[in-house]
Each structure stands twice: as C-alpha cells, then as structure tokens.
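To be precise, the following lines are final_1.txt, and they hold compact mmCIF, C-alpha atoms.
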# COMPACT_ATOMS: atom_id res chain seq x y z
CA MET C 1 -199.67 151.09 -87.47
CA GLN C 2 -198.32 149.36 -90.57
CA LYS C 3 -194.64 148.77 -91.11
CA VAL C 4 -192.40 147.34 -93.82
CA THR C 5 -188.63 146.96 -93.96
CA LEU C 6 -186.61 147.01 -97.19
CA THR C 7 -183.09 145.60 -97.20
CA TRP C 8 -180.68 146.05 -100.09
CA ALA C 9 -179.82 142.71 -101.72
CA LYS C 10 -177.73 143.77 -104.76
CA ASP C 11 -177.82 146.26 -107.65
CA PHE C 12 -181.35 147.72 -107.47
CA GLN C 13 -182.91 144.72 -105.76
CA PHE C 14 -184.41 144.92 -102.29
CA ILE C 15 -186.00 142.30 -100.05
CA CYS C 16 -189.14 143.74 -98.47
CA GLU C 17 -190.64 142.31 -95.29
CA ASP C 18 -193.88 143.01 -93.49
CA ASP C 19 -194.69 142.36 -89.82
CA ASP C 20 -196.39 139.06 -90.62
CA GLY C 21 -193.30 137.30 -91.95
CA HIS C 22 -193.92 137.73 -95.67
CA SER C 23 -191.10 138.72 -97.95
CA LEU C 24 -191.08 140.11 -101.43
CA LEU C 25 -188.34 140.99 -103.92
CA ILE C 26 -188.54 144.26 -105.83
CA ASP C 27 -186.32 145.42 -108.68
CA THR C 28 -186.23 148.04 -111.36
CA GLY C 29 -186.36 147.45 -115.11
CA LYS C 30 -183.43 146.67 -117.39
CA ASP C 31 -184.09 150.00 -119.17
CA ALA C 32 -183.22 151.75 -115.89
CA GLY C 33 -180.12 149.68 -115.14
CA GLY C 34 -181.89 147.08 -113.02
CA GLY C 35 -182.18 143.34 -113.44
CA GLY C 36 -185.89 143.34 -114.30
CA ALA C 37 -186.25 140.43 -111.86
CA ALA C 38 -189.39 141.47 -110.00
CA PHE C 39 -192.20 144.00 -109.64
CA LYS C 40 -191.16 147.67 -109.69
CA PRO C 41 -192.24 150.03 -106.91
CA ILE C 42 -194.26 152.11 -109.38
CA ASN C 43 -196.35 149.07 -110.34
CA LEU C 44 -196.88 148.11 -106.70
CA LEU C 45 -198.72 151.38 -106.21
CA LEU C 46 -201.18 150.29 -108.91
CA VAL C 47 -201.45 146.83 -107.33
CA ALA C 48 -202.21 148.44 -103.96
CA LEU C 49 -205.07 150.51 -105.39
CA GLY C 50 -206.56 147.66 -107.43
CA GLY C 51 -206.07 145.07 -104.68
CA CYS C 52 -207.78 147.12 -102.03
CA LEU C 53 -210.79 147.69 -104.27
CA ALA C 54 -210.92 144.10 -105.52
CA MET C 55 -210.82 142.60 -102.01
CA ASP C 56 -213.56 144.96 -100.82
CA ILE C 57 -215.81 144.04 -103.74
CA VAL C 58 -215.29 140.31 -103.18
CA GLY C 59 -216.03 140.67 -99.47
CA ILE C 60 -219.19 142.71 -99.99
CA LEU C 61 -220.55 140.45 -102.74
CA LYS C 62 -219.81 137.38 -100.60
CA LYS C 63 -221.94 138.89 -97.81
CA LYS C 64 -224.71 139.52 -100.32
CA ARG C 65 -224.49 135.82 -101.31
CA VAL C 66 -224.54 136.59 -105.02
CA ASP C 67 -222.99 134.24 -107.55
CA LEU C 68 -219.59 135.84 -108.13
CA ARG C 69 -217.58 133.48 -110.33
CA GLY C 70 -214.59 135.62 -111.10
CA ILE C 71 -213.28 139.13 -111.10
CA THR C 72 -210.40 140.84 -112.84
CA VAL C 73 -209.25 144.35 -112.08
CA GLU C 74 -206.95 146.24 -114.43
CA VAL C 75 -205.17 149.35 -113.22
CA GLU C 76 -203.40 151.70 -115.61
CA GLY C 77 -201.43 154.77 -114.75
CA GLU C 78 -200.27 157.68 -116.90
CA ARG C 79 -197.11 159.43 -115.77
CA ALA C 80 -195.79 162.94 -116.31
CA ALA C 81 -193.04 163.17 -118.95
CA GLU C 82 -190.62 165.02 -116.67
CA HIS C 83 -189.04 163.90 -113.40
CA PRO C 84 -190.34 162.91 -110.91
CA LYS C 85 -192.72 161.32 -113.46
CA ARG C 86 -195.55 161.18 -110.97
CA PHE C 87 -198.84 159.50 -111.86
CA THR C 88 -201.10 162.21 -113.23
CA ARG C 89 -203.96 159.85 -113.96
CA MET C 90 -205.04 156.34 -113.01
CA LYS C 91 -207.78 154.23 -114.52
CA VAL C 92 -209.26 151.21 -112.77
CA VAL C 93 -211.34 148.79 -114.86
CA ILE C 94 -213.40 146.21 -112.96
CA LYS C 95 -214.47 143.08 -114.88
CA PRO C 96 -216.76 140.82 -112.82
CA ARG C 97 -218.09 137.43 -113.89
CA GLY C 98 -221.17 135.60 -112.62
CA GLU C 99 -224.93 136.01 -112.17
CA ILE C 100 -224.73 139.28 -110.28
CA PRO C 101 -227.64 141.73 -110.10
CA GLU C 102 -226.39 145.10 -111.37
CA PRO C 103 -227.50 147.06 -108.26
CA ASP C 104 -225.54 144.70 -105.97
CA LEU C 105 -222.46 145.04 -108.11
CA ARG C 106 -222.73 148.82 -108.24
CA GLN C 107 -223.29 149.05 -104.50
CA ALA C 108 -220.27 146.86 -103.75
CA PHE C 109 -218.09 149.02 -106.00
CA GLU C 110 -219.39 152.30 -104.56
CA LEU C 111 -219.01 151.13 -100.95
CA SER C 112 -215.39 150.29 -101.64
CA ARG C 113 -214.59 153.53 -103.44
CA ASP C 114 -216.46 155.84 -101.09
CA LYS C 115 -216.27 154.10 -97.73
CA TYR C 116 -213.71 151.31 -97.39
CA CYS C 117 -210.77 151.63 -99.76
CA SER C 118 -207.82 152.89 -97.67
CA ILE C 119 -205.54 153.25 -100.67
CA TYR C 120 -207.95 155.37 -102.71
CA ALA C 121 -208.60 157.54 -99.65
CA THR C 122 -204.85 157.97 -99.15
CA LEU C 123 -204.30 158.87 -102.80
CA ILE C 124 -206.94 161.58 -102.80
CA HIS C 125 -206.07 162.98 -99.33
CA PRO C 126 -202.28 163.21 -99.08
CA PRO C 127 -200.74 161.94 -95.84
CA GLU C 128 -198.00 163.79 -94.02
CA ILE C 129 -194.68 162.18 -94.90
CA GLU C 130 -191.67 162.48 -92.63
CA TYR C 131 -188.14 161.31 -93.52
CA VAL C 132 -185.35 160.42 -91.13
CA LEU C 133 -181.88 160.05 -92.68
CA GLU C 134 -179.59 158.31 -90.23
CA PRO C 135 -175.81 158.81 -90.45
CA ALA C 136 -174.03 155.96 -92.24
CA SER C 137 -172.84 153.22 -89.89
CA LYS C 138 -169.64 151.22 -90.60
CA MET U 1 -198.12 154.06 -119.27
CA GLN U 2 -197.93 151.46 -116.50
CA LYS U 3 -200.41 148.62 -116.22
CA VAL U 4 -201.14 145.78 -113.83
CA THR U 5 -203.84 143.10 -113.92
CA LEU U 6 -205.29 141.45 -110.81
CA THR U 7 -207.15 138.16 -111.16
CA TRP U 8 -209.16 136.61 -108.36
CA ALA U 9 -207.66 133.28 -107.23
CA LYS U 10 -209.81 132.38 -104.18
CA ASP U 11 -211.15 133.98 -100.99
CA PHE U 12 -209.34 137.33 -100.80
CA GLN U 13 -206.32 136.23 -102.82
CA PHE U 14 -205.44 137.79 -106.14
CA ILE U 15 -202.67 137.05 -108.64
CA CYS U 16 -201.20 140.34 -109.87
CA GLU U 17 -199.30 140.61 -113.14
CA ASP U 18 -197.29 143.42 -114.67
CA ASP U 19 -196.42 143.92 -118.35
CA ASP U 20 -192.99 142.34 -117.93
CA GLY U 21 -194.23 138.87 -117.00
CA HIS U 22 -193.85 139.09 -113.21
CA SER U 23 -196.57 137.78 -110.96
CA LEU U 24 -197.29 138.37 -107.33
CA LEU U 25 -199.85 137.01 -104.89
CA ILE U 26 -201.66 139.38 -102.54
CA ASP U 27 -203.97 138.49 -99.67
CA THR U 28 -205.55 140.11 -96.66
CA GLY U 29 -204.90 139.22 -93.03
CA LYS U 30 -206.58 136.48 -91.03
CA ASP U 31 -208.05 139.21 -88.78
CA ALA U 32 -209.99 140.46 -91.83
CA GLY U 33 -211.15 137.04 -93.00
CA GLY U 34 -208.26 136.42 -95.37
CA GLY U 35 -205.67 133.68 -95.44
CA GLY U 36 -202.73 135.88 -94.42
CA ALA U 37 -200.75 134.20 -97.20
CA ALA U 38 -199.05 137.21 -98.74
CA PHE U 39 -198.46 140.96 -98.64
CA LYS U 40 -201.54 143.12 -98.14
CA PRO U 41 -202.32 145.99 -100.52
CA ILE U 42 -201.92 148.52 -97.70
CA ASN U 43 -198.35 147.37 -97.07
CA LEU U 44 -197.52 147.43 -100.77
CA LEU U 45 -198.15 151.17 -100.73
CA LEU U 46 -195.42 151.50 -98.08
CA VAL U 47 -193.13 149.23 -100.10
CA ALA U 48 -193.70 151.38 -103.18
CA LEU U 49 -192.69 154.57 -101.35
CA GLY U 50 -189.66 153.04 -99.65
CA GLY U 51 -188.54 151.11 -102.73
CA CYS U 52 -188.63 154.12 -105.01
CA LEU U 53 -186.52 156.13 -102.56
CA ALA U 54 -184.12 153.28 -101.81
CA MET U 55 -183.42 152.55 -105.50
CA ASP U 56 -182.83 156.23 -106.22
CA ILE U 57 -180.36 156.54 -103.35
CA VAL U 58 -178.46 153.41 -104.43
CA GLY U 59 -178.28 154.66 -108.01
CA ILE U 60 -177.08 158.13 -107.06
CA LEU U 61 -174.47 156.86 -104.58
CA LYS U 62 -173.23 154.35 -107.14
CA LYS U 63 -172.65 157.21 -109.61
CA LYS U 64 -170.76 159.07 -106.90
CA ARG U 65 -168.56 155.97 -106.44
CA VAL U 66 -168.84 156.09 -102.66
CA ASP U 67 -168.45 152.96 -100.54
CA LEU U 68 -172.08 152.00 -99.91
CA ARG U 69 -172.06 148.63 -98.14
CA GLY U 70 -175.68 148.31 -97.24
CA ILE U 71 -178.92 150.19 -96.85
CA THR U 72 -182.14 149.46 -95.03
CA VAL U 73 -185.29 151.54 -95.37
CA GLU U 74 -188.14 151.24 -92.89
CA VAL U 75 -191.53 152.68 -93.75
CA GLU U 76 -194.26 153.07 -91.15
CA GLY U 77 -197.77 154.31 -91.68
CA GLU U 78 -200.38 155.55 -89.22
CA ARG U 79 -203.97 155.07 -90.26
CA ALA U 80 -207.17 156.86 -89.31
CA ALA U 81 -209.32 154.96 -86.81
CA GLU U 82 -212.49 155.21 -88.93
CA HIS U 83 -213.17 153.79 -92.39
CA PRO U 84 -211.65 154.17 -94.91
CA LYS U 85 -208.69 154.10 -92.50
CA ARG U 86 -206.50 156.10 -94.86
CA PHE U 87 -202.86 156.72 -94.04
CA THR U 88 -202.72 160.05 -92.22
CA ARG U 89 -198.98 159.92 -91.67
CA MET U 90 -196.00 158.02 -93.04
CA LYS U 91 -192.48 157.91 -91.69
CA VAL U 92 -189.51 156.74 -93.75
CA VAL U 93 -186.28 155.89 -91.91
CA ILE U 94 -183.15 155.45 -94.05
CA LYS U 95 -180.27 153.47 -92.52
CA PRO U 96 -177.18 153.43 -94.73
CA ARG U 97 -173.97 151.53 -94.07
CA GLY U 98 -170.48 152.20 -95.42
CA GLU U 99 -167.85 154.93 -95.64
CA ILE U 100 -170.13 157.58 -97.08
CA PRO U 101 -169.40 161.31 -96.79
CA GLU U 102 -172.43 162.94 -95.14
CA PRO U 103 -172.94 165.55 -97.90
CA ASP U 104 -173.08 162.82 -100.59
CA LEU U 105 -175.61 160.88 -98.56
CA ARG U 106 -177.74 163.93 -97.91
CA GLN U 107 -177.63 164.96 -101.56
CA ALA U 108 -178.65 161.48 -102.73
CA PHE U 109 -181.59 161.48 -100.33
CA GLU U 110 -182.70 165.01 -101.24
CA LEU U 111 -182.41 164.36 -104.99
CA SER U 112 -184.69 161.35 -104.60
CA ARG U 113 -187.24 163.11 -102.42
CA ASP U 114 -187.34 166.37 -104.35
CA LYS U 115 -186.58 165.37 -107.93
CA TYR U 116 -186.83 161.67 -108.75
CA CYS U 117 -189.22 159.75 -106.51
CA SER U 118 -192.40 159.16 -108.54
CA ILE U 119 -194.25 157.61 -105.63
CA TYR U 120 -193.62 160.47 -103.21
CA ALA U 121 -194.61 162.95 -105.91
CA THR U 122 -197.83 161.01 -106.55
CA LEU U 123 -198.65 160.87 -102.84
CA ILE U 124 -198.28 164.61 -102.34
CA HIS U 125 -199.98 165.61 -105.63
CA PRO U 126 -203.10 163.44 -106.02
CA PRO U 127 -203.67 161.94 -109.48
CA GLU U 128 -207.05 161.90 -111.18
CA ILE U 129 -208.59 158.47 -110.66
CA GLU U 130 -211.22 157.11 -113.02
CA TYR U 131 -213.20 153.90 -112.45
CA VAL U 132 -214.95 151.79 -115.07
CA LEU U 133 -217.33 149.13 -113.75
CA GLU U 134 -218.14 146.69 -116.52
CA PRO U 135 -221.38 144.70 -116.42
CA ALA U 136 -220.92 141.14 -115.10
CA SER U 137 -220.24 138.60 -117.85
CA LYS U 138 -221.44 134.97 -117.56
Can you give me the file's structure in the form of structure tokens?
Amino acid sequence: MQKVTLTWAKDFQFICEDDDGHSLLIDTGKDAGGGGAAFKPINLLLVALGGCLAMDIVGILKKKRVDLRGITVEVEGERAAEHPKRFTRMKVVIKPRGEIPEPDLRQAFELSRDKYCSIYATLIHPPEIEYVLEPASK
Amino acid sequence: MQKVTLTWAKDFQFICEDDDGHSLLIDTGKDAGGGGAAFKPINLLLVALGGCLAMDIVGILKKKRVDLRGITVEVEGERAAEHPKRFTRMKVVIKPRGEIPEPDLRQAFELSRDKYCSIYATLIHPPEIEYVLEPASK
C-alpha cells in the first residue's frame, strides 16, 4: 500500500507528504492563476513514468557491471485540446552514456518496460479509482 | 506539450527538471537499494492524481466564493503482488474544512472528476506511449 497526503498551503499550492517523511510543494502555473512556484501535477505524472524506467535501467545495468557513466531520460506528453486535456500520447527518450554493449542496454530497457515498470503498467492497465468526499468540517 | 528531463545524479537518484525552471530530486527506498532521500516515482503518481483534483476543487470553490478554510486530500494505492506491481486500485479521500454548502462541495468535486482532471482522465483512458532508446554515447 502506498499513501500520500496533500495539504492546502495557499492559493493553488499544496504540501505533499509520503509515509517516509518526505515533503514536496506543488503548484500550478501563472497562466492558470497559480504562483508557478513548483512542479505541476501534470508534469509529475511524466516524472513518475520516466523515473521508474530510469531507476530500473540503472539497477539492471549496475548488476550487469557495465560502464554506465550517465543517463538522461526525457519524457514528453501531448494533451487533448479540450477538457479534461488528458495525455493522448507520451514519448520517452532514453539517452545513456558510457561503454555499454548494445544488447545489455536493450535488455535493461526491455526488462523495465515489459516486466518491472509499475508506472507504465498502471498507465496501460487502468486501476479502479474510488473517491470519498467527506462533509466539510468546521 | 509538456516535457520533463531526468538526469542521473548518483545511485538511484535523479534530478528532474520541467520547462519552467523547477527541479526536483527523486530516489527509491532503502529497501530497494536506494538512499530513501526523496519522493519515489510511484508516490508521485498518487501526488499527481490528488494534486490535480485538489487544485480544481480549490479553484471552483474560490469562484463560488464559499468559505473554504482548508482541504486535505489523501491518496492511497494498492499494488499487485507480482512484478510489475502496477496499481490495481486507488482511493482518494477529500477532507474539506469551512462553511461550505454541501451541493457546492459536491459540484466542485464532480466537475473536477468528470470534466477537468487531466490525470484522472489519463488514468482511465490509456495514452499511447512510445519509447526511443538512443545508442550509448561516450
């Protein structure tokens, strides 16, 4: 079970906390009436997908003891023009650096995509989502 | 178009950047060989869903000029036991505070869920996801 708690700070800013004591500010952009002070929720979805993949690849290549010197992952998302402006398409570009045999690199990538990446698997197989709206307290 | 870039820092830590100049560290837990120094990708997916909803509700209630004094949103996710351990179920609990007429609150919540929340809409209607694995550079 994973859990996060978001608490309203001001305007459109929320403090988000996980169960391990980390906290994170989120905000929306100035174009949408926010302060533009921090990452937007929509971009965190892209970070989640890219981060999951990137960490898997690093872990697998580390086990293979190849010479990984760096890796950058870019994640782009195209959104529908109309509300709710969902992501219709995402593109993940993986840019590794080092003396890495191509088959090792490809295997690490494919193992993440097809076996390990929880975020990708969630995005392609929708979870059930339940909402509970509590009455307002004083 | 939304874009984020993740750059490997060390171990399982990545620095994530959006197009507005924000940066964010992510890590994995100590149980998975990480440093446990920051939010995990899997929890950022929950933050994205809760944050999108929470900001919508604040914005709608602000337009209605009701007395919203606080709001907390908790997001829980249950994961499959086997790899890729995707989220099978998510639960979002909304806890508002203030003198808010119930119909206004309900309408704000339903407008977010059914009309505005990009993350929810993405989770229930899977996007196309394309990967590009570049050859390793030196």
With a cut-off of 12 Å, could you pull out the residues of region 52-138 of chain U touching region 64-69 of chain C and give me the nearest pair of atoms for each, distance in Å to one decimal, using all atoms listed in the file, ordered by chain and ascending number, as a tab-separated table?
residue	atom	partner	partner_atom	distance
U:Ala136	CA	C:Leu68	CA	8.9
U:Ser137	CA	C:Arg69	CA	9.5
U:Lys138	CA	C:Arg69	CA	8.3
Suppose we keep C-alpha atoms; can you now write the selection as a PDB file, in the coordinates of the input?
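Now in part31.pdb:
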ATOM      1  CA  ALA U 136    -220.920 141.140-115.100  1.00  0.00           C
ATOM      2  CA  SER U 137    -220.240 138.600-117.850  1.00  0.00           C
ATOM      3  CA  LYS U 138    -221.440 134.970-117.560  1.00  0.00           C
TER       4      LYS U 138
END
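Every protein or nucleic acid residue with an atom no more than 6 Å from Phe109 (chain C), counting only C-alpha atoms and leaving out same-chain residues fewer than 3 positions away, appears here: Ile57, Arg106 and Ser112 of chain C.
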- Item | Protein, DNA and RNA residues within 7 Å of (-204.6, 142.6, -114.1), all atoms listed in the file, as a PyMOL selection string | (chain C and resi 72-75) or (chain U and resi 4-7+16-17)
Could you write out the selected residues, including C-alpha atoms, as a short mmCIF file (atom, residue, chain, number, x, y, z; two decimals), keeping the file's coordinate frame?
data_model
loop_
_atom_site.label_atom_id
_atom_site.label_comp_id
_atom_site.auth_asym_id
_atom_site.auth_seq_id
_atom_site.Cartn_x
_atom_site.Cartn_y
_atom_site.Cartn_z
CA THR C 72 -210.40 140.84 -112.84
CA VAL C 73 -209.25 144.35 -112.08
CA GLU C 74 -206.95 146.24 -114.43
CA VAL C 75 -205.17 149.35 -113.22
CA VAL U 4 -201.14 145.78 -113.83
CA THR U 5 -203.84 143.10 -113.92
CA LEU U 6 -205.29 141.45 -110.81
CA THR U 7 -207.15 138.16 -111.16
CA CYS U 16 -201.20 140.34 -109.87
CA GLU U 17 -199.30 140.61 -113.14
#
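Using all atoms listed in the file, the smallest distance between any of C:Ser118, C:Ser23, C:Gln107, C:Thr28 and chain U comes from C:Ser118.
Proximity ranking of U:Lys30, U:Arg89, U:Lys10, U:Lys63 relative to chain C places U:Arg89 first, based on all atoms listed in the file.
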- Residues within 10 Å of (-201.9, 138.2, -98.1), file coords, only C-alpha atoms, listed as a PyMOL selection string: (chain C and resi 20+22) or (chain U and resi 12-14+25-30+34-41+43)
Let me know the centre plus edge lengths, in Å and rounded to one decimal, of a box with edges along x, y and z that contains all listed atoms of region 49-65 of chain C and is padded by 5 Å on every side, as JSON.
{"center_x": -214.9, "center_y": 143.2, "center_z": -102.6, "size_x": 29.6, "size_y": 24.7, "size_z": 19.6}
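Atom pair CA of Leu44 (chain C) / CA of Leu46 (chain U) has a distance of 9.4 Å (rounded to one decimal).
Taking CA of Pro96 (chain C) and CA of Pro84 (chain U) as the two end points, the separation is 22.9 Å.
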- Item | Two-atom distance - CA of Lys85 (chain U), CA of Ile119 (chain C) (Å) | 8.8 Å
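Counting only C-alpha atoms, the residue from C:Val47, C:Asp11, C:Lys91, C:Lys3 that sits nearest to Leu61 (chain U) is C:Asp11.
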Each residue of region 24-124 of chain C lying at most 12 Å from region 125-130 of chain U should get a row with its shortest atom-to-atom pair and the distance in Å to one decimal, counting all atoms listed in the file; could you produce that, ordered by chain and increasing number, as JSON lines?
{"residue": "C:Leu46", "atom": "CA", "partner": "U:Ile129", "partner_atom": "CA", "distance": 11.2}
{"residue": "C:Leu49", "atom": "CA", "partner": "U:Ile129", "partner_atom": "CA", "distance": 10.2}
{"residue": "C:Gly50", "atom": "CA", "partner": "U:Ile129", "partner_atom": "CA", "distance": 11.5}
{"residue": "C:Glu74", "atom": "CA", "partner": "U:Glu130", "partner_atom": "CA", "distance": 11.8}
{"residue": "C:Val75", "atom": "CA", "partner": "U:Glu130", "partner_atom": "CA", "distance": 9.8}
{"residue": "C:Glu76", "atom": "CA", "partner": "U:Glu130", "partner_atom": "CA", "distance": 9.9}
{"residue": "C:Gly77", "atom": "CA", "partner": "U:Ile129", "partner_atom": "CA", "distance": 9.0}
{"residue": "C:Glu78", "atom": "CA", "partner": "U:Pro127", "partner_atom": "CA", "distance": 9.2}
{"residue": "C:Arg79", "atom": "CA", "partner": "U:Pro127", "partner_atom": "CA", "distance": 9.4}
{"residue": "C:Ala80", "atom": "CA", "partner": "U:Pro127", "partner_atom": "CA", "distance": 10.5}
{"residue": "C:Pro84", "atom": "CA", "partner": "U:His125", "partner_atom": "CA", "distance": 11.3}
{"residue": "C:Lys85", "atom": "CA", "partner": "U:His125", "partner_atom": "CA", "distance": 11.5}
{"residue": "C:Arg86", "atom": "CA", "partner": "U:His125", "partner_atom": "CA", "distance": 8.2}
{"residue": "C:Phe87", "atom": "CA", "partner": "U:Pro127", "partner_atom": "CA", "distance": 5.9}
{"residue": "C:Thr88", "atom": "CA", "partner": "U:Pro127", "partner_atom": "CA", "distance": 4.6}
{"residue": "C:Arg89", "atom": "CA", "partner": "U:Glu128", "partner_atom": "CA", "distance": 4.6}
{"residue": "C:Met90", "atom": "CA", "partner": "U:Ile129", "partner_atom": "CA", "distance": 4.8}
{"residue": "C:Lys91", "atom": "CA", "partner": "U:Glu130", "partner_atom": "CA", "distance": 4.7}
{"residue": "C:Val92", "atom": "CA", "partner": "U:Glu130", "partner_atom": "CA", "distance": 6.2}
{"residue": "C:Val93", "atom": "CA", "partner": "U:Glu130", "partner_atom": "CA", "distance": 8.5}
{"residue": "C:Ile94", "atom": "CA", "partner": "U:Glu130", "partner_atom": "CA", "distance": 11.1}
{"residue": "C:Arg113", "atom": "CA", "partner": "U:Ile129", "partner_atom": "CA", "distance": 10.6}
{"residue": "C:Ile119", "atom": "CA", "partner": "U:Ile129", "partner_atom": "CA", "distance": 11.7}
{"residue": "C:Tyr120", "atom": "CA", "partner": "U:Ile129", "partner_atom": "CA", "distance": 8.6}
{"residue": "C:Ala121", "atom": "CA", "partner": "U:Pro126", "partner_atom": "CA", "distance": 10.3}
{"residue": "C:Thr122", "atom": "CA", "partner": "U:Pro126", "partner_atom": "CA", "distance": 9.0}
{"residue": "C:Leu123", "atom": "CA", "partner": "U:Pro126", "partner_atom": "CA", "distance": 5.7}
{"residue": "C:Ile124", "atom": "CA", "partner": "U:Pro126", "partner_atom": "CA", "distance": 5.3}
- Message: List as a ChimeraX atom specification the protein and nucleic acid residues near Ile71 (chain U), meaning an atom at most 6 Å away when all atoms listed in the file are counted, but skip any in the same chain fewer than 6 places from it.
- Response: /C:8 /U:95-97
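Closest approach to chain C among U:Ile60, U:Ile100, U:Leu53, U:Ala108 is made by U:Ile100 (distances from all atoms listed in the file).
Nearest residue to Met1 (chain C) among U:Ala81, U:Ile15, U:Ala32, U:Cys117 is U:Ala81, counting only C-alpha atoms.
Shortest separation to chain U among C:Ala9, C:Val132, C:Leu24, C:Leu111 occurs at residue C:Val132, atoms counted being all atoms listed in the file.
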Reconstruct all heavy atoms of region 124-132 of chain U from the incomplete input and present them as a PDB file, in the coordinates of the input.
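Everything below was put into part_26.pdb:
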ATOM      1  N   ILE U 124    -198.031 163.231-102.772  1.00  0.00           N
ATOM      2  CA  ILE U 124    -198.280 164.610-102.340  1.00  0.00           C
ATOM      3  C   ILE U 124    -199.066 165.433-103.359  1.00  0.00           C
ATOM      4  O   ILE U 124    -199.565 166.502-103.030  1.00  0.00           O
ATOM      5  CB  ILE U 124    -196.984 165.345-101.895  1.00  0.00           C
ATOM      6  CG1 ILE U 124    -195.982 165.455-103.034  1.00  0.00           C
ATOM      7  CG2 ILE U 124    -196.338 164.641-100.690  1.00  0.00           C
ATOM      8  CD1 ILE U 124    -194.755 166.321-102.689  1.00  0.00           C
ATOM      9  N   HIS U 125    -199.172 164.921-104.609  1.00  0.00           N
ATOM     10  CA  HIS U 125    -199.980 165.610-105.630  1.00  0.00           C
ATOM     11  C   HIS U 125    -200.961 164.596-106.212  1.00  0.00           C
ATOM     12  O   HIS U 125    -200.633 163.903-107.181  1.00  0.00           O
ATOM     13  CB  HIS U 125    -199.101 166.133-106.773  1.00  0.00           C
ATOM     14  CG  HIS U 125    -198.137 167.180-106.362  1.00  0.00           C
ATOM     15  ND1 HIS U 125    -196.775 166.997-106.385  1.00  0.00           N
ATOM     16  CD2 HIS U 125    -198.334 168.444-105.910  1.00  0.00           C
ATOM     17  CE1 HIS U 125    -196.172 168.092-105.959  1.00  0.00           C
ATOM     18  NE2 HIS U 125    -197.083 168.990-105.667  1.00  0.00           N
ATOM     19  N   PRO U 126    -202.155 164.499-105.630  1.00  0.00           N
ATOM     20  CA  PRO U 126    -203.100 163.440-106.020  1.00  0.00           C
ATOM     21  C   PRO U 126    -203.349 163.363-107.529  1.00  0.00           C
ATOM     22  O   PRO U 126    -203.556 164.395-108.173  1.00  0.00           O
ATOM     23  CB  PRO U 126    -204.391 163.866-105.306  1.00  0.00           C
ATOM     24  CG  PRO U 126    -203.924 164.633-104.124  1.00  0.00           C
ATOM     25  CD  PRO U 126    -202.692 165.358-104.578  1.00  0.00           C
ATOM     26  N   PRO U 127    -203.312 162.146-108.071  1.00  0.00           N
ATOM     27  CA  PRO U 127    -203.670 161.940-109.480  1.00  0.00           C
ATOM     28  C   PRO U 127    -205.190 161.952-109.638  1.00  0.00           C
ATOM     29  O   PRO U 127    -205.916 161.793-108.664  1.00  0.00           O
ATOM     30  CB  PRO U 127    -203.119 160.548-109.775  1.00  0.00           C
ATOM     31  CG  PRO U 127    -203.177 159.832-108.450  1.00  0.00           C
ATOM     32  CD  PRO U 127    -202.955 160.885-107.389  1.00  0.00           C
ATOM     33  N   GLU U 128    -205.632 162.148-110.863  1.00  0.00           N
ATOM     34  CA  GLU U 128    -207.050 161.900-111.180  1.00  0.00           C
ATOM     35  C   GLU U 128    -207.245 160.391-111.208  1.00  0.00           C
ATOM     36  O   GLU U 128    -206.413 159.681-111.778  1.00  0.00           O
ATOM     37  CB  GLU U 128    -207.366 162.403-112.586  1.00  0.00           C
ATOM     38  CG  GLU U 128    -207.726 163.849-112.665  1.00  0.00           C
ATOM     39  CD  GLU U 128    -208.117 164.190-114.102  1.00  0.00           C
ATOM     40  OE1 GLU U 128    -209.089 163.603-114.625  1.00  0.00           O
ATOM     41  OE2 GLU U 128    -207.422 165.038-114.694  1.00  0.00           O
ATOM     42  N   ILE U 129    -208.335 159.910-110.637  1.00  0.00           N
ATOM     43  CA  ILE U 129    -208.590 158.470-110.660  1.00  0.00           C
ATOM     44  C   ILE U 129    -209.971 158.211-111.254  1.00  0.00           C
ATOM     45  O   ILE U 129    -210.969 158.747-110.773  1.00  0.00           O
ATOM     46  CB  ILE U 129    -208.476 157.856-109.250  1.00  0.00           C
ATOM     47  CG1 ILE U 129    -207.079 158.135-108.668  1.00  0.00           C
ATOM     48  CG2 ILE U 129    -208.743 156.347-109.306  1.00  0.00           C
ATOM     49  CD1 ILE U 129    -206.856 157.620-107.256  1.00  0.00           C
ATOM     50  N   GLU U 130    -209.971 157.436-112.331  1.00  0.00           N
ATOM     51  CA  GLU U 130    -211.220 157.110-113.020  1.00  0.00           C
ATOM     52  C   GLU U 130    -211.530 155.630-112.832  1.00  0.00           C
ATOM     53  O   GLU U 130    -210.617 154.806-112.896  1.00  0.00           O
ATOM     54  CB  GLU U 130    -211.048 157.401-114.522  1.00  0.00           C
ATOM     55  CG  GLU U 130    -212.269 157.073-115.361  1.00  0.00           C
ATOM     56  CD  GLU U 130    -211.957 156.992-116.868  1.00  0.00           C
ATOM     57  OE1 GLU U 130    -210.785 157.229-117.255  1.00  0.00           O
ATOM     58  OE2 GLU U 130    -212.882 156.696-117.625  1.00  0.00           O
ATOM     59  N   TYR U 131    -212.789 155.305-112.592  1.00  0.00           N
ATOM     60  CA  TYR U 131    -213.200 153.900-112.450  1.00  0.00           C
ATOM     61  C   TYR U 131    -214.156 153.529-113.585  1.00  0.00           C
ATOM     62  O   TYR U 131    -215.017 154.331-113.960  1.00  0.00           O
ATOM     63  CB  TYR U 131    -213.935 153.679-111.132  1.00  0.00           C
ATOM     64  CG  TYR U 131    -213.058 153.752-109.908  1.00  0.00           C
ATOM     65  CD1 TYR U 131    -212.971 154.927-109.162  1.00  0.00           C
ATOM     66  CD2 TYR U 131    -212.324 152.652-109.490  1.00  0.00           C
ATOM     67  CE1 TYR U 131    -212.174 155.001-108.012  1.00  0.00           C
ATOM     68  CE2 TYR U 131    -211.535 152.708-108.355  1.00  0.00           C
ATOM     69  CZ  TYR U 131    -211.457 153.878-107.611  1.00  0.00           C
ATOM     70  OH  TYR U 131    -210.665 153.948-106.498  1.00  0.00           O
ATOM     71  N   VAL U 132    -214.000 152.328-114.095  1.00  0.00           N
ATOM     72  CA  VAL U 132    -214.950 151.790-115.070  1.00  0.00           C
ATOM     73  C   VAL U 132    -215.449 150.452-114.530  1.00  0.00           C
ATOM     74  O   VAL U 132    -214.651 149.521-114.337  1.00  0.00           O
ATOM     75  CB  VAL U 132    -214.272 151.563-116.445  1.00  0.00           C
ATOM     76  CG1 VAL U 132    -215.259 150.933-117.424  1.00  0.00           C
ATOM     77  CG2 VAL U 132    -213.697 152.866-116.991  1.00  0.00           C
TER      78      VAL U 132
END
